[in-house]
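**Student:** This one is upload-v4.cif, mmCIF, C-alpha atoms.
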```cif
data_model
loop_
_atom_site.group_PDB
_atom_site.id
_atom_site.type_symbol
_atom_site.label_atom_id
_atom_site.label_comp_id
_atom_site.auth_asym_id
_atom_site.auth_seq_id
_atom_site.Cartn_x
_atom_site.Cartn_y
_atom_site.Cartn_z
ATOM 1 C CA MET A 1 7.070 -38.943 -45.069
ATOM 2 C CA LEU A 2 9.649 -40.623 -42.880
ATOM 3 C CA VAL A 3 7.595 -43.666 -42.023
ATOM 4 C CA PRO A 4 6.016 -45.625 -44.830
ATOM 5 C CA LEU A 5 2.308 -45.938 -44.400
ATOM 6 C CA GLU A 6 1.976 -49.292 -46.013
ATOM 7 C CA THR A 7 2.079 -52.354 -43.819
ATOM 8 C CA LEU A 8 5.431 -54.032 -43.975
ATOM 9 C CA SER A 9 5.614 -57.515 -45.241
ATOM 10 C CA GLY A 10 5.221 -60.118 -42.520
ATOM 11 C CA TRP A 11 3.062 -57.891 -40.337
ATOM 12 C CA PRO A 12 -0.672 -58.282 -39.955
ATOM 13 C CA ALA A 13 -2.781 -55.851 -41.894
ATOM 14 C CA VAL A 14 -4.150 -52.950 -39.837
ATOM 15 C CA ALA A 15 -7.544 -51.514 -40.506
ATOM 16 C CA ASP A 16 -7.808 -47.783 -41.190
ATOM 17 C CA PRO A 17 -9.067 -45.809 -38.161
ATOM 18 C CA SER A 18 -12.645 -44.706 -38.340
ATOM 19 C CA PRO A 19 -13.463 -41.005 -38.785
ATOM 20 C CA LEU A 20 -14.776 -40.997 -35.234
ATOM 21 C CA ALA A 21 -11.460 -42.288 -33.906
ATOM 22 C CA VAL A 22 -9.580 -39.648 -35.883
ATOM 23 C CA LEU A 23 -11.905 -36.971 -34.557
ATOM 24 C CA ALA A 24 -11.472 -38.168 -30.988
ATOM 25 C CA LEU A 25 -7.711 -38.143 -31.349
ATOM 26 C CA LEU A 26 -7.409 -34.764 -33.006
ATOM 27 C CA VAL A 27 -10.172 -32.888 -31.204
ATOM 28 C CA GLY A 28 -11.256 -34.875 -28.172
ATOM 29 C CA ALA A 29 -7.865 -35.396 -26.609
ATOM 30 C CA PRO A 30 -6.796 -31.706 -26.855
ATOM 31 C CA ALA A 31 -10.198 -30.696 -25.556
ATOM 32 C CA VAL A 32 -9.756 -32.945 -22.550
ATOM 33 C CA VAL A 33 -6.301 -31.501 -21.859
ATOM 34 C CA ILE A 34 -7.580 -27.937 -22.206
ATOM 35 C CA ALA A 35 -10.494 -28.664 -19.889
ATOM 36 C CA LEU A 36 -8.117 -30.207 -17.372
ATOM 37 C CA VAL A 37 -5.798 -27.190 -17.371
ATOM 38 C CA PHE A 38 -8.731 -24.811 -17.146
ATOM 39 C CA GLY A 39 -10.217 -26.784 -14.283
ATOM 40 C CA ILE A 40 -6.943 -26.787 -12.352
ATOM 41 C CA SER A 41 -6.493 -23.040 -12.792
ATOM 42 C CA LYS A 42 -10.084 -22.460 -11.751
ATOM 43 C CA VAL A 43 -9.681 -24.554 -8.627
ATOM 44 C CA ARG A 44 -6.476 -22.727 -7.715
ATOM 45 C CA GLY A 45 -8.178 -19.397 -8.244
ATOM 46 C CA LEU A 46 -11.042 -20.409 -6.027
ATOM 47 C CA ALA A 47 -8.659 -21.694 -3.389
ATOM 48 C CA SER A 48 -6.673 -18.466 -3.329
ATOM 49 C CA SER A 49 -9.806 -16.333 -3.188
ATOM 50 C CA GLY A 50 -11.101 -18.526 -0.397
ATOM 51 C CA SER A 51 -7.979 -17.899 1.663
ATOM 52 C CA ASP A 52 -8.128 -14.161 0.887
ATOM 53 C CA PRO A 53 -9.871 -12.364 3.708
ATOM 54 C CA GLY A 54 -10.871 -9.585 1.306
ATOM 55 C CA ASP A 55 -12.331 -6.786 3.330
ATOM 56 C CA ALA A 56 -11.521 -8.459 6.592
ATOM 57 C CA ALA A 57 -9.515 -6.493 9.097
ATOM 58 C CA VAL A 58 -5.908 -5.987 8.106
ATOM 59 C CA ASP A 59 -3.353 -5.387 10.782
ATOM 60 C CA PRO A 60 -2.388 -1.740 10.563
ATOM 61 C CA VAL A 61 1.193 -0.819 9.939
ATOM 62 C CA TRP A 62 3.066 2.178 11.249
ATOM 63 C CA VAL A 63 6.019 3.575 9.397
ATOM 64 C CA GLY A 64 7.942 6.323 11.060
ATOM 65 C CA ALA A 65 6.180 5.501 14.256
ATOM 66 C CA PRO A 66 7.237 7.407 17.318
ATOM 67 C CA ASP A 67 9.459 4.657 18.647
ATOM 68 C CA LYS A 68 10.785 3.834 15.157
ATOM 69 C CA ARG A 69 9.694 0.245 15.509
ATOM 70 C CA ASP A 70 8.186 0.275 12.078
ATOM 71 C CA ILE A 71 7.030 -3.260 11.579
ATOM 72 C CA GLU A 72 4.650 -3.384 14.384
ATOM 73 C CA VAL A 73 1.003 -3.163 15.058
ATOM 74 C CA ASN A 74 0.693 -0.289 17.423
ATOM 75 C CA GLN A 75 -1.776 -1.860 19.767
ATOM 76 C CA GLY A 76 -0.960 0.620 22.499
ATOM 77 C CA ALA A 77 -1.888 3.592 20.383
ATOM 78 C CA ARG A 78 -4.999 1.832 19.187
ATOM 79 C CA ALA A 79 -6.034 1.086 22.735
ATOM 80 C CA ALA A 80 -5.450 4.681 23.688
ATOM 81 C CA ILE A 81 -7.522 5.786 20.756
ATOM 82 C CA GLU A 82 -10.278 3.436 21.708
ATOM 83 C CA ALA A 83 -10.209 5.017 25.113
ATOM 84 C CA GLY A 84 -11.286 8.197 23.393
ATOM 85 C CA ARG A 85 -8.426 10.537 24.067
ATOM 86 C CA GLN A 86 -8.774 13.415 21.684
ATOM 87 C CA THR A 87 -6.006 15.258 19.988
ATOM 88 C CA GLU A 88 -5.021 18.583 21.390
ATOM 89 C CA SER A 89 -3.861 19.907 18.080
ATOM 90 C CA GLY A 90 -6.949 21.860 17.337
ATOM 91 C CA GLU A 91 -5.159 23.879 14.671
ATOM 92 C CA ALA A 92 -3.979 20.854 12.789
ATOM 93 C CA GLY A 93 -4.035 21.184 9.038
ATOM 94 C CA GLY A 94 -3.780 18.740 6.224
ATOM 95 C CA ALA A 95 -5.931 17.311 3.500
ATOM 96 C CA SER A 96 -8.269 14.448 2.722
ATOM 97 C CA ALA A 97 -8.884 12.351 -0.336
ATOM 98 C CA ARG A 98 -11.155 9.457 -1.232
ATOM 99 C CA TRP A 99 -10.928 7.018 -4.045
ATOM 100 C CA MET B 1 -8.315 -1.256 -7.167
ATOM 101 C CA ALA B 2 -5.820 -4.032 -6.721
ATOM 102 C CA PRO B 3 -6.133 -5.768 -3.399
ATOM 103 C CA VAL B 4 -3.644 -4.724 -0.818
ATOM 104 C CA PRO B 5 -1.594 -7.610 0.460
ATOM 105 C CA VAL B 6 -3.548 -8.868 3.367
ATOM 106 C CA GLY B 7 -2.830 -11.314 6.080
ATOM 107 C CA GLU B 8 -0.438 -10.424 8.829
ATOM 108 C CA ASP B 9 0.354 -6.879 7.718
ATOM 109 C CA ALA B 10 -0.952 -4.438 5.194
ATOM 110 C CA LEU B 11 2.471 -4.096 3.563
ATOM 111 C CA THR B 12 5.218 -6.526 2.762
ATOM 112 C CA TYR B 13 8.716 -6.010 4.129
ATOM 113 C CA THR B 14 9.948 -4.720 0.789
ATOM 114 C CA GLU B 15 7.113 -2.244 0.588
ATOM 115 C CA LEU B 16 7.726 -1.187 4.166
ATOM 116 C CA ALA B 17 11.354 -0.557 3.352
ATOM 117 C CA GLU B 18 10.348 1.664 0.440
ATOM 118 C CA VAL B 19 7.947 3.665 2.549
ATOM 119 C CA ARG B 20 10.459 3.929 5.377
ATOM 120 C CA ARG B 21 13.092 5.230 2.987
ATOM 121 C CA ALA B 22 10.673 7.851 1.735
ATOM 122 C CA VAL B 23 9.861 8.834 5.312
ATOM 123 C CA ASP B 24 13.544 9.159 6.175
ATOM 124 C CA ASN B 25 14.187 11.277 3.103
ATOM 125 C CA ALA B 26 11.231 13.517 3.800
ATOM 126 C CA GLU B 27 12.289 13.969 7.405
ATOM 127 C CA SER B 28 15.863 14.821 6.499
ATOM 128 C CA VAL B 29 14.757 17.292 3.843
ATOM 129 C CA SER B 30 12.046 19.024 5.805
ATOM 130 C CA GLY B 31 13.058 18.642 9.413
ATOM 131 C CA LEU B 32 9.550 17.498 10.210
ATOM 132 C CA THR B 33 8.520 14.153 11.630
ATOM 133 C CA PHE B 34 6.588 11.925 9.268
ATOM 134 C CA SER B 35 4.447 9.000 10.339
ATOM 135 C CA VAL B 36 2.525 6.728 8.034
ATOM 136 C CA PHE B 37 -0.389 4.613 9.121
ATOM 137 C CA VAL B 38 -1.677 1.983 6.709
ATOM 138 C CA GLY B 39 -4.642 0.041 7.923
ATOM 139 C CA ALA B 40 -8.246 0.128 8.862
ATOM 140 C CA ALA B 41 -9.498 3.445 10.136
ATOM 141 C CA GLU B 42 -12.763 4.015 11.823
ATOM 142 C CA GLN B 43 -15.894 5.182 10.081
ATOM 143 C CA ASP B 44 -14.672 8.752 10.188
ATOM 144 C CA PRO B 45 -11.096 8.530 8.903
ATOM 145 C CA ARG B 46 -10.411 12.229 9.496
ATOM 146 C CA ALA B 47 -11.324 12.019 13.150
ATOM 147 C CA TYR B 48 -9.339 8.840 13.471
ATOM 148 C CA ALA B 49 -6.310 10.465 11.844
ATOM 149 C CA LEU B 50 -6.592 13.468 14.134
ATOM 150 C CA ARG B 51 -6.634 11.243 17.158
ATOM 151 C CA LEU B 52 -3.672 9.240 15.880
ATOM 152 C CA HIS B 53 -1.838 12.483 15.280
ATOM 153 C CA GLY B 54 -2.638 13.532 18.797
ATOM 154 C CA GLU B 55 -0.878 10.435 20.066
ATOM 155 C CA LEU B 56 2.386 11.332 18.383
ATOM 156 C CA PRO B 57 5.193 12.902 20.369
ATOM 157 C CA ARG B 58 6.161 16.388 19.199
ATOM 158 C CA ARG B 59 2.933 16.439 17.297
ATOM 159 C CA GLU B 60 3.367 20.137 16.542
ATOM 160 C CA ARG B 61 6.071 19.197 14.042
ATOM 161 C CA ALA B 62 4.521 15.884 13.050
ATOM 162 C CA VAL B 63 2.910 14.982 9.756
ATOM 163 C CA LEU B 64 0.652 11.955 9.732
ATOM 164 C CA VAL B 65 -0.343 10.193 6.547
ATOM 165 C CA LEU B 66 -3.206 7.764 7.049
ATOM 166 C CA CYS B 67 -4.180 5.383 4.288
ATOM 167 C CA ASP B 68 -7.097 3.013 4.585
ATOM 168 C CA PRO B 69 -7.187 0.980 1.374
ATOM 169 C CA ALA B 70 -10.343 -0.828 2.391
ATOM 170 C CA GLN B 71 -12.314 2.382 2.786
ATOM 171 C CA GLY B 72 -10.417 4.190 0.074
ATOM 172 C CA ALA B 73 -9.524 6.954 2.477
ATOM 173 C CA LEU B 74 -6.428 9.113 2.643
ATOM 174 C CA GLU B 75 -5.830 11.634 5.382
ATOM 175 C CA ILE B 76 -2.905 13.971 5.874
ATOM 176 C CA VAL B 77 -2.676 15.701 9.227
ATOM 177 C CA THR B 78 -0.098 18.347 10.020
ATOM 178 C CA GLY B 79 0.725 19.774 13.405
ATOM 179 C CA VAL B 80 0.678 23.456 14.171
ATOM 180 C CA GLN B 81 4.341 24.090 13.365
ATOM 181 C CA ALA B 82 4.333 21.660 10.475
ATOM 182 C CA HIS B 83 1.343 23.490 9.083
ATOM 183 C CA ARG B 84 3.420 26.658 8.772
ATOM 184 C CA VAL B 85 5.899 25.065 6.381
ATOM 185 C CA LEU B 86 3.459 22.610 4.860
ATOM 186 C CA PRO B 87 0.257 24.479 4.106
ATOM 187 C CA ASP B 88 -2.990 22.780 3.265
ATOM 188 C CA LEU B 89 -2.622 23.582 -0.413
ATOM 189 C CA GLU B 90 0.567 21.542 -0.599
ATOM 190 C CA CYS B 91 -1.128 18.743 1.303
ATOM 191 C CA ARG B 92 -4.022 18.779 -1.123
ATOM 192 C CA LEU B 93 -1.649 18.597 -4.067
ATOM 193 C CA ALA B 94 0.154 15.648 -2.534
ATOM 194 C CA ALA B 95 -3.157 14.009 -1.691
ATOM 195 C CA ALA B 96 -4.320 14.384 -5.285
ATOM 196 C CA SER B 97 -1.101 12.849 -6.520
ATOM 197 C CA MET B 98 -1.389 9.971 -4.077
ATOM 198 C CA ARG B 99 -5.014 9.445 -4.944
ATOM 199 C CA THR B 100 -4.104 9.026 -8.598
ATOM 200 C CA SER B 101 -1.755 6.194 -7.713
ATOM 201 C CA PHE B 102 -4.236 4.639 -5.309
ATOM 202 C CA VAL B 103 -6.923 4.570 -7.958
ATOM 203 C CA GLY B 104 -4.492 2.657 -10.146
ATOM 204 C CA GLY B 105 -3.971 0.177 -7.341
ATOM 205 C CA ASP B 106 -0.461 1.336 -6.478
ATOM 206 C CA ILE B 107 -0.717 1.959 -2.762
ATOM 207 C CA VAL B 108 2.987 1.854 -2.000
ATOM 208 C CA GLY B 109 3.968 3.953 -5.000
ATOM 209 C CA GLY B 110 1.384 6.530 -4.064
ATOM 210 C CA LEU B 111 2.595 6.670 -0.491
ATOM 211 C CA VAL B 112 6.247 6.924 -1.478
ATOM 212 C CA ASN B 113 5.677 9.656 -4.033
ATOM 213 C CA GLY B 114 3.277 11.536 -1.806
ATOM 214 C CA ILE B 115 5.586 11.490 1.185
ATOM 215 C CA GLN B 116 8.484 12.653 -0.954
ATOM 216 C CA GLN B 117 6.304 15.419 -2.348
ATOM 217 C CA LEU B 118 5.300 16.489 1.141
ATOM 218 C CA GLY B 119 8.917 16.501 2.254
ATOM 219 C CA GLU B 120 9.988 18.559 -0.735
ATOM 220 C CA SER B 121 7.137 20.983 -0.187
ATOM 221 C CA ALA B 122 8.237 21.511 3.381
ATOM 222 C CA ARG B 123 11.901 21.777 2.469
ATOM 223 C CA GLN B 124 13.656 24.255 4.703
ATOM 224 C CA PRO B 125 16.049 26.392 2.713
ATOM 225 C CA ARG B 126 19.493 26.726 4.231
ATOM 226 C CA MET B 127 20.196 30.207 5.466
ATOM 227 C CA LEU B 128 23.904 30.599 5.106
ATOM 228 C CA HIS B 129 24.062 33.924 6.835
ATOM 229 C CA SER B 130 22.609 32.419 9.988
ATOM 230 C CA SER B 131 24.297 29.007 9.904
ATOM 231 C CA ARG B 132 27.778 30.298 9.019
ATOM 232 C CA ARG B 133 29.914 31.429 11.899
#
```
As structure tokens, what does this structure read like?

**Tutor:**
Amino acid sequence: MLVPLETLSGWPAVADPSPLAVLALLVGAPAVVIALVFGISKVRGLASSGSDPGDAAVDPVWVGAPDKRDIEVNQGARAAIEAGRQTESGEAGGASARW
Amino acid sequence: MAPVPVGEDALTYTELAEVRRAVDNAESVSGLTFSVFVGAAEQDPRAYALRLHGELPRRERAVLVLCDPAQGALEIVTGVQAHRVLPDLECRLAAASMRTSFVGGDIVGGLVNGIQQLGESARQPRMLHSSRR
């Protein structure tokens, strides 16, 4: 023990802490800190999920688009599609998958 | 399924660069034109992919890969000429491979690997007797 537990001469006598005070110091204080950290992480999680649009519309991205402007939302193509122009490649092949 | 980065674009710049590199490699290997669409498709993704494919120039040699993470839909569309060197069986194999990655939440990895697989499947062997003069 580095620090002597007895009261040094010339100093007023200090009463022993009560079991409740010891319990509060050893259990209560860590519990408060843990609750605080948990609360902060919870709030941050809620905040990030609140800003997450989830299933909301995501801007589509073309890679290898015809004009090679990859990072672009191809609004023109989308508008053309909305106009209902059908593909002429009736013999198109390919595959589909769902997950 | 891990959420796809949402906000402005479906992919980050780094992810876009990876996909673009895969597209370039597949195009150089196969001689076909690859386009990748990541985003929301309509209720019928196949019809939507066909119409997108129809919008592409030189669509006969074009391969379109459509991925809608929200719907969990993947569509591969090949043009008439592309279909000759990239048959449906190869497309189905690539789609199965991509689907495995998508299920694990790896959209970009699935796209990159799938596009590379498609490019390799459509690889045009060099014919020395015809290219040598």

**Student:** If the PyMOL selection byres ((chain B and resi 67-83) around 8) is run on the structure shown, which residues does it catch, given as a PDB file with C-alpha atoms, in the frame of the given file?

**Tutor:**
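Everything below was put into result_22.pdb:
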```pdb
ATOM      1  CA  ASP A  55     -12.331  -6.786   3.330  1.00  0.00           C
ATOM      2  CA  SER A  89      -3.861  19.907  18.080  1.00  0.00           C
ATOM      3  CA  GLU A  91      -5.159  23.879  14.671  1.00  0.00           C
ATOM      4  CA  ALA A  92      -3.979  20.854  12.789  1.00  0.00           C
ATOM      5  CA  GLY A  93      -4.035  21.184   9.038  1.00  0.00           C
ATOM      6  CA  GLY A  94      -3.780  18.740   6.224  1.00  0.00           C
ATOM      7  CA  ALA A  95      -5.931  17.311   3.500  1.00  0.00           C
ATOM      8  CA  SER A  96      -8.269  14.448   2.722  1.00  0.00           C
ATOM      9  CA  ALA A  97      -8.884  12.351  -0.336  1.00  0.00           C
ATOM     10  CA  ARG A  98     -11.155   9.457  -1.232  1.00  0.00           C
ATOM     11  CA  TRP A  99     -10.928   7.018  -4.045  1.00  0.00           C
TER      12      TRP A  99
ATOM     13  CA  VAL B   4      -3.644  -4.724  -0.818  1.00  0.00           C
ATOM     14  CA  LEU B  32       9.550  17.498  10.210  1.00  0.00           C
ATOM     15  CA  VAL B  36       2.525   6.728   8.034  1.00  0.00           C
ATOM     16  CA  PHE B  37      -0.389   4.613   9.121  1.00  0.00           C
ATOM     17  CA  VAL B  38      -1.677   1.983   6.709  1.00  0.00           C
ATOM     18  CA  GLY B  39      -4.642   0.041   7.923  1.00  0.00           C
ATOM     19  CA  ALA B  40      -8.246   0.128   8.862  1.00  0.00           C
ATOM     20  CA  ALA B  41      -9.498   3.445  10.136  1.00  0.00           C
ATOM     21  CA  PRO B  45     -11.096   8.530   8.903  1.00  0.00           C
ATOM     22  CA  ARG B  46     -10.411  12.229   9.496  1.00  0.00           C
ATOM     23  CA  ALA B  49      -6.310  10.465  11.844  1.00  0.00           C
ATOM     24  CA  LEU B  50      -6.592  13.468  14.134  1.00  0.00           C
ATOM     25  CA  HIS B  53      -1.838  12.483  15.280  1.00  0.00           C
ATOM     26  CA  ARG B  59       2.933  16.439  17.297  1.00  0.00           C
ATOM     27  CA  GLU B  60       3.367  20.137  16.542  1.00  0.00           C
ATOM     28  CA  ARG B  61       6.071  19.197  14.042  1.00  0.00           C
ATOM     29  CA  ALA B  62       4.521  15.884  13.050  1.00  0.00           C
ATOM     30  CA  VAL B  63       2.910  14.982   9.756  1.00  0.00           C
ATOM     31  CA  LEU B  64       0.652  11.955   9.732  1.00  0.00           C
ATOM     32  CA  VAL B  65      -0.343  10.193   6.547  1.00  0.00           C
ATOM     33  CA  LEU B  66      -3.206   7.764   7.049  1.00  0.00           C
ATOM     34  CA  ARG B  84       3.420  26.658   8.772  1.00  0.00           C
ATOM     35  CA  VAL B  85       5.899  25.065   6.381  1.00  0.00           C
ATOM     36  CA  LEU B  86       3.459  22.610   4.860  1.00  0.00           C
ATOM     37  CA  PRO B  87       0.257  24.479   4.106  1.00  0.00           C
ATOM     38  CA  ASP B  88      -2.990  22.780   3.265  1.00  0.00           C
ATOM     39  CA  CYS B  91      -1.128  18.743   1.303  1.00  0.00           C
ATOM     40  CA  ALA B  95      -3.157  14.009  -1.691  1.00  0.00           C
ATOM     41  CA  ARG B  99      -5.014   9.445  -4.944  1.00  0.00           C
ATOM     42  CA  ILE B 107      -0.717   1.959  -2.762  1.00  0.00           C
TER      43      ILE B 107
END
```

**Student:** Run the PyMOL selection byres ((chain B and resi 20-30) around 7) on the file and write out the hits as a ChimeraX atom specification.

**Tutor:** /A:63-64 /B:16-19,31-34,112,115-116,119-120,122-124

**Student:** Atom CA of B:Leu89 and atom CA of B:Leu118 are how many Å apart?

**Tutor:**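 It comes out at 10.7 Å.
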